[in-house]
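K.L.:
Here it is, the structure in full.
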Protein chains: 2
Amino acid sequence: MDADRTPDHPDLREVTLQRVLEALVDPVRRSIVTQLSDAPADISCGGFDISVSKSTATHHFRVLREAGLIRQHYVGTSRMNTLRRAEFDQAFPGLLDAVVTADRASS
Amino acid sequence: MDADRTPDHPDLREVTLQRVLEALVDPVRRSIVTQLSDAPADISCGGFDISVSKSTATHHFRVLREAGLIRQHYVGTSRMNTLRRAEFDQAFPGLLDAVVTADRASS
DNA sequence: GTCAAACTTCGATGATTGTCGTACTATGGC
DNA sequence: GCCATAGTACGACAATCATCGAAGTTTGAC
């Protein structure tokens, strides 16, 4: 319990467009972002409607976190996920809205 | 001149977000789009500032064309490229602007 | 202390893809 | 006709990546 279980979150100023697009190009990750965008509250890693194994899901959450798209923190044994919307919008204006809107339309 | 050398261009209504993001995630292709967005006129395939071989460039242009991002037509031996901006914006509102803006800022 | 739940970490694997060189086609100028 | 220019088509190759299962860790409940 000594160790802090909160993972590292990058400063949005140091996230590149390349990294963001690499994160958003995967349909599973895009689905996670869209579900977060539509949700009224945080969602635990296990609370998403995705069809991959748990280890694959962990991988996707790390990619999204390192791209500055989500913030993660523990509550008990659950890892909760939040969209970093305001910060992200400031760094990449219009991008998240455009992608989420198009993604919603295509599902 | 029997064969029509104009390639097929997809209807934007049949282009998926997935295909668009796969096209925009490559830095060379994104550079092509940004250069087109900044240019006052069409650009031939050989007129871009990219650092890949000709055969690789051909590949990238095909991907962009199939994603509905560019239109290509021959003028003599040159293949000219245009952004399908208006059509694309209608199908994916805000996406091209967001990506091009962020791409310009990161170069 | 014991056990289950929720994730993570660590290889391994299969598919995709960006890259190139070579060969080929079409056009325009001479 | 001949030749240079501008691209395309076709394999081939290397690197990346999404995926999984198995094993490990941390927490909370009993």
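Numbering starts fresh at 1 for the residues of each chain in the structure tokens, the chains themselves are lettered A, B, ... in the order given, and ligands are numbered from 1 as they appear.
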Using only C-alpha atoms (C1' of nucleotides) and a distance of at most 10 Å, pull out the residues of chain B that contact chain D, as a tab-separated table (two decimals) with N, CA and C atoms, in the first residue's frame.
P.N.:
chain	number	residue	atom	x	y	z
B	44	SER	N	0.69	18.82	-58.13
B	44	SER	CA	0.95	17.51	-58.76
B	44	SER	C	1.59	16.59	-57.74
B	45	CYS	N	1.52	15.30	-58.02
B	45	CYS	CA	2.07	14.30	-57.08
B	45	CYS	C	3.53	14.57	-56.79
B	46	GLY	N	4.25	15.03	-57.81
B	46	GLY	CA	5.66	15.28	-57.61
B	46	GLY	C	5.96	16.64	-56.99
B	54	LYS	N	8.99	7.52	-54.92
B	54	LYS	CA	7.81	7.75	-55.76
B	54	LYS	C	6.76	6.67	-55.56
B	55	SER	N	7.19	5.43	-55.45
B	55	SER	CA	6.20	4.36	-55.29
B	55	SER	C	5.49	4.47	-53.95
B	57	ALA	N	4.96	7.31	-52.42
B	57	ALA	CA	4.07	8.46	-52.57
B	57	ALA	C	2.77	8.03	-53.27
B	58	THR	N	2.91	7.24	-54.31
B	58	THR	CA	1.72	6.74	-55.01
B	58	THR	C	0.78	6.04	-54.04
B	59	HIS	N	1.37	5.21	-53.19
B	59	HIS	CA	0.58	4.50	-52.18
B	59	HIS	C	-0.19	5.48	-51.30
B	76	GLY	N	-1.84	16.18	-68.68
B	76	GLY	CA	-0.64	15.69	-69.34
B	76	GLY	C	-0.14	14.45	-68.62
B	77	THR	N	1.12	14.45	-68.25
B	77	THR	CA	1.64	13.30	-67.51
B	77	THR	C	1.56	13.52	-66.01
B	78	SER	N	1.06	14.68	-65.62
B	78	SER	CA	1.01	14.97	-64.19
B	78	SER	C	-0.36	14.66	-63.60
B	79	ARG	N	-0.34	14.13	-62.42
B	79	ARG	CA	-1.59	13.88	-61.72
B	79	ARG	C	-1.75	14.98	-60.68
K.L.:
Using every C-alpha atom paired in order, could you least-squares fit chain B onto chain A and give me the moved chain as a compact mmCIF listing (two decimals) with N, CA and C atoms, in the first residue's frame?
P.N.:
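This went into superposed_38.txt:
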# COMPACT_ATOMS: atom_id res chain seq x y z
N MET B 1 -0.13 -0.41 0.95
CA MET B 1 -0.56 0.81 0.31
C MET B 1 0.61 1.78 0.15
N ASP B 2 1.79 1.25 0.32
CA ASP B 2 2.97 2.09 0.24
C ASP B 2 3.09 2.68 -1.18
N ALA B 3 2.91 1.79 -2.16
CA ALA B 3 3.07 2.26 -3.54
C ALA B 3 1.87 3.09 -3.97
N ASP B 4 2.15 4.16 -4.66
CA ASP B 4 1.09 4.98 -5.23
C ASP B 4 0.58 4.29 -6.48
N ARG B 5 -0.67 3.99 -6.50
CA ARG B 5 -1.19 3.26 -7.65
C ARG B 5 -1.72 4.18 -8.74
N THR B 6 -1.63 5.47 -8.52
CA THR B 6 -2.07 6.38 -9.57
C THR B 6 -1.02 6.46 -10.68
N PRO B 7 -1.43 6.18 -11.90
CA PRO B 7 -0.45 6.19 -12.99
C PRO B 7 -0.08 7.61 -13.40
N ASP B 8 0.95 7.71 -14.21
CA ASP B 8 1.38 9.02 -14.70
C ASP B 8 0.46 9.53 -15.80
N HIS B 9 0.18 10.83 -15.73
CA HIS B 9 -0.61 11.46 -16.77
C HIS B 9 0.22 12.55 -17.42
N PRO B 10 0.30 12.56 -18.73
CA PRO B 10 1.15 13.55 -19.41
C PRO B 10 0.54 14.95 -19.38
N ASP B 11 1.41 15.93 -19.40
CA ASP B 11 0.98 17.30 -19.61
C ASP B 11 0.50 17.40 -21.06
N LEU B 12 -0.67 18.00 -21.24
CA LEU B 12 -1.22 18.06 -22.60
C LEU B 12 -0.31 18.84 -23.56
N ARG B 13 0.51 19.72 -23.02
CA ARG B 13 1.40 20.48 -23.91
C ARG B 13 2.49 19.61 -24.51
N GLU B 14 2.67 18.45 -23.92
CA GLU B 14 3.73 17.56 -24.42
C GLU B 14 3.18 16.38 -25.20
N VAL B 15 1.88 16.39 -25.41
CA VAL B 15 1.27 15.34 -26.21
C VAL B 15 1.25 15.78 -27.67
N THR B 16 1.71 14.92 -28.55
CA THR B 16 1.73 15.27 -29.97
C THR B 16 0.44 14.85 -30.66
N LEU B 17 0.14 15.54 -31.75
CA LEU B 17 -1.01 15.16 -32.57
C LEU B 17 -0.86 13.72 -33.05
N GLN B 18 0.37 13.35 -33.37
CA GLN B 18 0.62 11.99 -33.82
C GLN B 18 0.12 10.97 -32.80
N ARG B 19 0.47 11.20 -31.55
CA ARG B 19 0.07 10.27 -30.50
C ARG B 19 -1.45 10.24 -30.34
N VAL B 20 -2.05 11.40 -30.45
CA VAL B 20 -3.51 11.48 -30.30
C VAL B 20 -4.21 10.71 -31.41
N LEU B 21 -3.76 10.90 -32.63
CA LEU B 21 -4.41 10.21 -33.75
C LEU B 21 -4.16 8.70 -33.67
N GLU B 22 -2.97 8.32 -33.25
CA GLU B 22 -2.71 6.88 -33.08
C GLU B 22 -3.66 6.30 -32.04
N ALA B 23 -4.00 7.09 -31.03
CA ALA B 23 -4.94 6.60 -30.02
C ALA B 23 -6.35 6.51 -30.59
N LEU B 24 -6.74 7.51 -31.36
CA LEU B 24 -8.13 7.57 -31.82
C LEU B 24 -8.41 6.70 -33.04
N VAL B 25 -7.38 6.19 -33.67
CA VAL B 25 -7.61 5.41 -34.88
C VAL B 25 -8.12 4.01 -34.56
N ASP B 26 -7.91 3.55 -33.37
CA ASP B 26 -8.41 2.21 -33.02
C ASP B 26 -9.88 2.28 -32.63
N PRO B 27 -10.71 1.43 -33.24
CA PRO B 27 -12.15 1.51 -32.99
C PRO B 27 -12.54 1.20 -31.54
N VAL B 28 -11.80 0.31 -30.90
CA VAL B 28 -12.10 0.02 -29.49
C VAL B 28 -11.83 1.24 -28.62
N ARG B 29 -10.69 1.87 -28.85
CA ARG B 29 -10.36 3.06 -28.06
C ARG B 29 -11.32 4.20 -28.36
N ARG B 30 -11.71 4.33 -29.63
CA ARG B 30 -12.65 5.39 -29.97
C ARG B 30 -13.98 5.14 -29.29
N SER B 31 -14.36 3.87 -29.20
CA SER B 31 -15.61 3.54 -28.51
C SER B 31 -15.53 3.90 -27.03
N ILE B 32 -14.39 3.67 -26.43
CA ILE B 32 -14.20 4.04 -25.03
C ILE B 32 -14.38 5.55 -24.86
N VAL B 33 -13.74 6.30 -25.73
CA VAL B 33 -13.83 7.76 -25.65
C VAL B 33 -15.28 8.22 -25.84
N THR B 34 -15.96 7.65 -26.80
CA THR B 34 -17.34 8.04 -27.06
C THR B 34 -18.25 7.68 -25.89
N GLN B 35 -18.05 6.51 -25.32
CA GLN B 35 -18.85 6.13 -24.16
C GLN B 35 -18.60 7.08 -22.99
N LEU B 36 -17.35 7.46 -22.81
CA LEU B 36 -17.03 8.41 -21.74
C LEU B 36 -17.68 9.76 -22.01
N SER B 37 -17.67 10.14 -23.27
CA SER B 37 -18.23 11.44 -23.63
C SER B 37 -19.73 11.48 -23.41
N ASP B 38 -20.38 10.34 -23.55
CA ASP B 38 -21.83 10.27 -23.38
C ASP B 38 -22.24 9.99 -21.94
N ALA B 39 -21.29 9.59 -21.11
CA ALA B 39 -21.64 9.18 -19.74
C ALA B 39 -21.71 10.38 -18.80
N PRO B 40 -22.60 10.34 -17.82
CA PRO B 40 -22.71 11.43 -16.87
C PRO B 40 -21.64 11.38 -15.79
N ALA B 41 -20.99 10.22 -15.63
CA ALA B 41 -19.99 10.10 -14.57
C ALA B 41 -18.84 9.23 -15.03
N ASP B 42 -17.83 9.10 -14.18
CA ASP B 42 -16.68 8.27 -14.48
C ASP B 42 -17.12 6.82 -14.69
N ILE B 43 -16.31 6.08 -15.41
CA ILE B 43 -16.59 4.67 -15.67
C ILE B 43 -15.36 3.86 -15.30
N SER B 44 -15.59 2.75 -14.62
CA SER B 44 -14.47 1.87 -14.28
C SER B 44 -14.03 1.11 -15.52
N CYS B 45 -12.82 0.59 -15.48
CA CYS B 45 -12.28 -0.12 -16.65
C CYS B 45 -13.19 -1.27 -17.06
N GLY B 46 -13.79 -1.91 -16.06
CA GLY B 46 -14.66 -3.03 -16.38
C GLY B 46 -16.07 -2.62 -16.78
N GLY B 47 -16.36 -1.33 -16.70
CA GLY B 47 -17.72 -0.87 -16.94
C GLY B 47 -18.03 -0.49 -18.36
N PHE B 48 -17.07 -0.69 -19.25
CA PHE B 48 -17.29 -0.31 -20.65
C PHE B 48 -17.86 -1.46 -21.45
N ASP B 49 -18.57 -1.09 -22.49
CA ASP B 49 -19.10 -2.08 -23.42
C ASP B 49 -18.10 -2.29 -24.55
N ILE B 50 -17.13 -3.12 -24.30
CA ILE B 50 -16.13 -3.43 -25.32
C ILE B 50 -15.94 -4.94 -25.36
N SER B 51 -15.50 -5.42 -26.50
CA SER B 51 -15.45 -6.87 -26.68
C SER B 51 -14.03 -7.37 -26.84
N VAL B 52 -13.21 -7.05 -25.87
CA VAL B 52 -11.84 -7.55 -25.87
C VAL B 52 -11.53 -8.08 -24.47
N SER B 53 -10.45 -8.82 -24.38
CA SER B 53 -10.08 -9.39 -23.07
C SER B 53 -9.61 -8.30 -22.11
N LYS B 54 -9.49 -8.67 -20.85
CA LYS B 54 -9.08 -7.68 -19.86
C LYS B 54 -7.69 -7.15 -20.12
N SER B 55 -6.78 -8.02 -20.52
CA SER B 55 -5.42 -7.55 -20.75
C SER B 55 -5.36 -6.61 -21.95
N THR B 56 -6.16 -6.88 -22.95
CA THR B 56 -6.22 -5.98 -24.10
C THR B 56 -6.82 -4.64 -23.69
N ALA B 57 -7.84 -4.70 -22.85
CA ALA B 57 -8.46 -3.45 -22.38
C ALA B 57 -7.44 -2.61 -21.62
N THR B 58 -6.66 -3.24 -20.78
CA THR B 58 -5.62 -2.52 -20.04
C THR B 58 -4.70 -1.79 -21.01
N HIS B 59 -4.31 -2.49 -22.06
CA HIS B 59 -3.46 -1.89 -23.08
C HIS B 59 -4.10 -0.64 -23.67
N HIS B 60 -5.40 -0.74 -24.02
CA HIS B 60 -6.08 0.39 -24.64
C HIS B 60 -6.17 1.59 -23.69
N PHE B 61 -6.43 1.31 -22.42
CA PHE B 61 -6.52 2.41 -21.45
C PHE B 61 -5.17 3.10 -21.30
N ARG B 62 -4.12 2.33 -21.35
CA ARG B 62 -2.80 2.98 -21.23
C ARG B 62 -2.55 3.89 -22.43
N VAL B 63 -2.89 3.42 -23.62
CA VAL B 63 -2.67 4.23 -24.80
C VAL B 63 -3.47 5.53 -24.71
N LEU B 64 -4.72 5.43 -24.28
CA LEU B 64 -5.56 6.63 -24.16
C LEU B 64 -5.00 7.57 -23.10
N ARG B 65 -4.51 7.01 -22.01
CA ARG B 65 -3.96 7.86 -20.94
C ARG B 65 -2.71 8.56 -21.43
N GLU B 66 -1.84 7.85 -22.12
CA GLU B 66 -0.59 8.45 -22.60
C GLU B 66 -0.83 9.45 -23.73
N ALA B 67 -1.98 9.38 -24.34
CA ALA B 67 -2.33 10.37 -25.37
C ALA B 67 -3.04 11.57 -24.75
N GLY B 68 -3.17 11.56 -23.42
CA GLY B 68 -3.78 12.71 -22.74
C GLY B 68 -5.28 12.76 -22.86
N LEU B 69 -5.90 11.67 -23.28
CA LEU B 69 -7.35 11.70 -23.49
C LEU B 69 -8.14 11.37 -22.24
N ILE B 70 -7.60 10.52 -21.39
CA ILE B 70 -8.33 10.14 -20.18
C ILE B 70 -7.45 10.29 -18.95
N ARG B 71 -8.13 10.42 -17.82
CA ARG B 71 -7.45 10.45 -16.52
C ARG B 71 -7.92 9.22 -15.76
N GLN B 72 -7.00 8.57 -15.05
CA GLN B 72 -7.36 7.37 -14.31
C GLN B 72 -6.98 7.51 -12.85
N HIS B 73 -7.89 7.05 -11.97
CA HIS B 73 -7.56 7.02 -10.54
C HIS B 73 -8.29 5.85 -9.90
N TYR B 74 -7.69 5.32 -8.88
CA TYR B 74 -8.27 4.15 -8.22
C TYR B 74 -9.32 4.53 -7.19
N VAL B 75 -10.35 3.70 -7.14
CA VAL B 75 -11.34 3.75 -6.06
C VAL B 75 -11.52 2.30 -5.63
N GLY B 76 -10.90 1.94 -4.52
CA GLY B 76 -10.90 0.55 -4.12
C GLY B 76 -10.10 -0.27 -5.11
N THR B 77 -10.69 -1.33 -5.62
CA THR B 77 -9.98 -2.12 -6.62
C THR B 77 -10.31 -1.68 -8.04
N SER B 78 -11.18 -0.68 -8.14
CA SER B 78 -11.58 -0.25 -9.47
C SER B 78 -10.78 0.96 -9.94
N ARG B 79 -10.45 0.95 -11.18
CA ARG B 79 -9.77 2.09 -11.77
C ARG B 79 -10.81 2.88 -12.55
N MET B 80 -11.01 4.11 -12.12
CA MET B 80 -12.03 4.94 -12.75
C MET B 80 -11.41 5.78 -13.86
N ASN B 81 -12.21 6.02 -14.90
CA ASN B 81 -11.73 6.75 -16.08
C ASN B 81 -12.58 7.99 -16.33
N THR B 82 -11.90 9.08 -16.63
CA THR B 82 -12.56 10.35 -16.94
C THR B 82 -11.95 10.92 -18.21
N LEU B 83 -12.78 11.56 -18.99
CA LEU B 83 -12.27 12.30 -20.15
C LEU B 83 -11.59 13.58 -19.67
N ARG B 84 -10.43 13.89 -20.21
CA ARG B 84 -9.77 15.17 -19.88
C ARG B 84 -10.25 16.22 -20.87
N ARG B 85 -11.53 16.41 -20.95
CA ARG B 85 -12.11 17.18 -22.04
C ARG B 85 -11.60 18.62 -22.13
N ALA B 86 -11.71 19.36 -21.03
CA ALA B 86 -11.34 20.78 -21.10
C ALA B 86 -9.88 20.97 -21.48
N GLU B 87 -9.01 20.23 -20.81
CA GLU B 87 -7.58 20.34 -21.13
C GLU B 87 -7.31 19.95 -22.57
N PHE B 88 -7.94 18.85 -22.96
CA PHE B 88 -7.69 18.35 -24.31
C PHE B 88 -8.19 19.33 -25.37
N ASP B 89 -9.36 19.89 -25.12
CA ASP B 89 -9.91 20.85 -26.08
C ASP B 89 -9.02 22.07 -26.25
N GLN B 90 -8.39 22.43 -25.16
CA GLN B 90 -7.50 23.59 -25.25
C GLN B 90 -6.28 23.27 -26.11
N ALA B 91 -5.79 22.05 -25.97
CA ALA B 91 -4.60 21.66 -26.73
C ALA B 91 -4.93 21.32 -28.18
N PHE B 92 -6.09 20.71 -28.39
CA PHE B 92 -6.48 20.29 -29.75
C PHE B 92 -7.91 20.73 -30.04
N PRO B 93 -8.10 22.02 -30.29
CA PRO B 93 -9.45 22.56 -30.41
C PRO B 93 -10.27 21.88 -31.51
N GLY B 94 -11.44 21.44 -31.12
CA GLY B 94 -12.38 20.90 -32.09
C GLY B 94 -12.18 19.44 -32.43
N LEU B 95 -11.05 18.89 -32.08
CA LEU B 95 -10.74 17.53 -32.53
C LEU B 95 -11.63 16.48 -31.86
N LEU B 96 -11.74 16.58 -30.55
CA LEU B 96 -12.52 15.56 -29.84
C LEU B 96 -13.99 15.60 -30.26
N ASP B 97 -14.54 16.79 -30.34
CA ASP B 97 -15.93 16.92 -30.79
C ASP B 97 -16.14 16.32 -32.16
N ALA B 98 -15.25 16.63 -33.08
CA ALA B 98 -15.41 16.13 -34.45
C ALA B 98 -15.37 14.61 -34.48
N VAL B 99 -14.44 14.04 -33.75
CA VAL B 99 -14.30 12.58 -33.77
C VAL B 99 -15.49 11.92 -33.07
N VAL B 100 -15.84 12.42 -31.92
CA VAL B 100 -16.95 11.80 -31.17
C VAL B 100 -18.26 11.94 -31.95
N THR B 101 -18.47 13.07 -32.54
CA THR B 101 -19.69 13.27 -33.33
C THR B 101 -19.75 12.29 -34.50
N ALA B 102 -18.65 12.18 -35.22
CA ALA B 102 -18.62 11.26 -36.36
C ALA B 102 -18.74 9.81 -35.89
N ASP B 103 -18.14 9.52 -34.76
CA ASP B 103 -18.19 8.15 -34.25
C ASP B 103 -19.61 7.77 -33.83
N ARG B 104 -20.27 8.68 -33.18
CA ARG B 104 -21.66 8.42 -32.78
C ARG B 104 -22.53 8.17 -34.01
N ALA B 105 -22.29 8.95 -35.06
CA ALA B 105 -23.10 8.83 -36.27
C ALA B 105 -22.87 7.51 -36.99
N SER B 106 -21.75 6.89 -36.73
CA SER B 106 -21.39 5.69 -37.50
C SER B 106 -21.69 4.40 -36.74
N SER B 107 -22.35 4.50 -35.62
CA SER B 107 -22.58 3.28 -34.82
C SER B 107 -24.02 2.82 -34.89
K.L.:
Where does chain C meet chain A within 8 Å, residue by residue, with the nearest atom pair and distance in Å to one decimal for each, counting only C-alpha atoms (C1' of nucleotides), listed by chain and rising number, as CSV?
P.N.:
residue,atom,partner,partner_atom,distance
C:DA5,C1',A:Thr77,CA,7.8
C:DA6,C1',A:Thr77,CA,5.4
C:DC7,C1',A:Thr58,CA,7.5
C:DT8,C1',A:Thr58,CA,7.2
K.L.:
Run DSSP on the backbone and give me the residues of chain A it puts in alpha helix (DSSP H), as a PyMOL selection string.
P.N.:
chain A and resi 17-24+27-38+54-66+85-91+95-105
K.L.:
Can you tell me, as a ChimeraX atom specification, which residues in range 4-85 of chain B count as strand (DSSP E) by DSSP?
P.N.:
/B:43-44,70-75,78-83
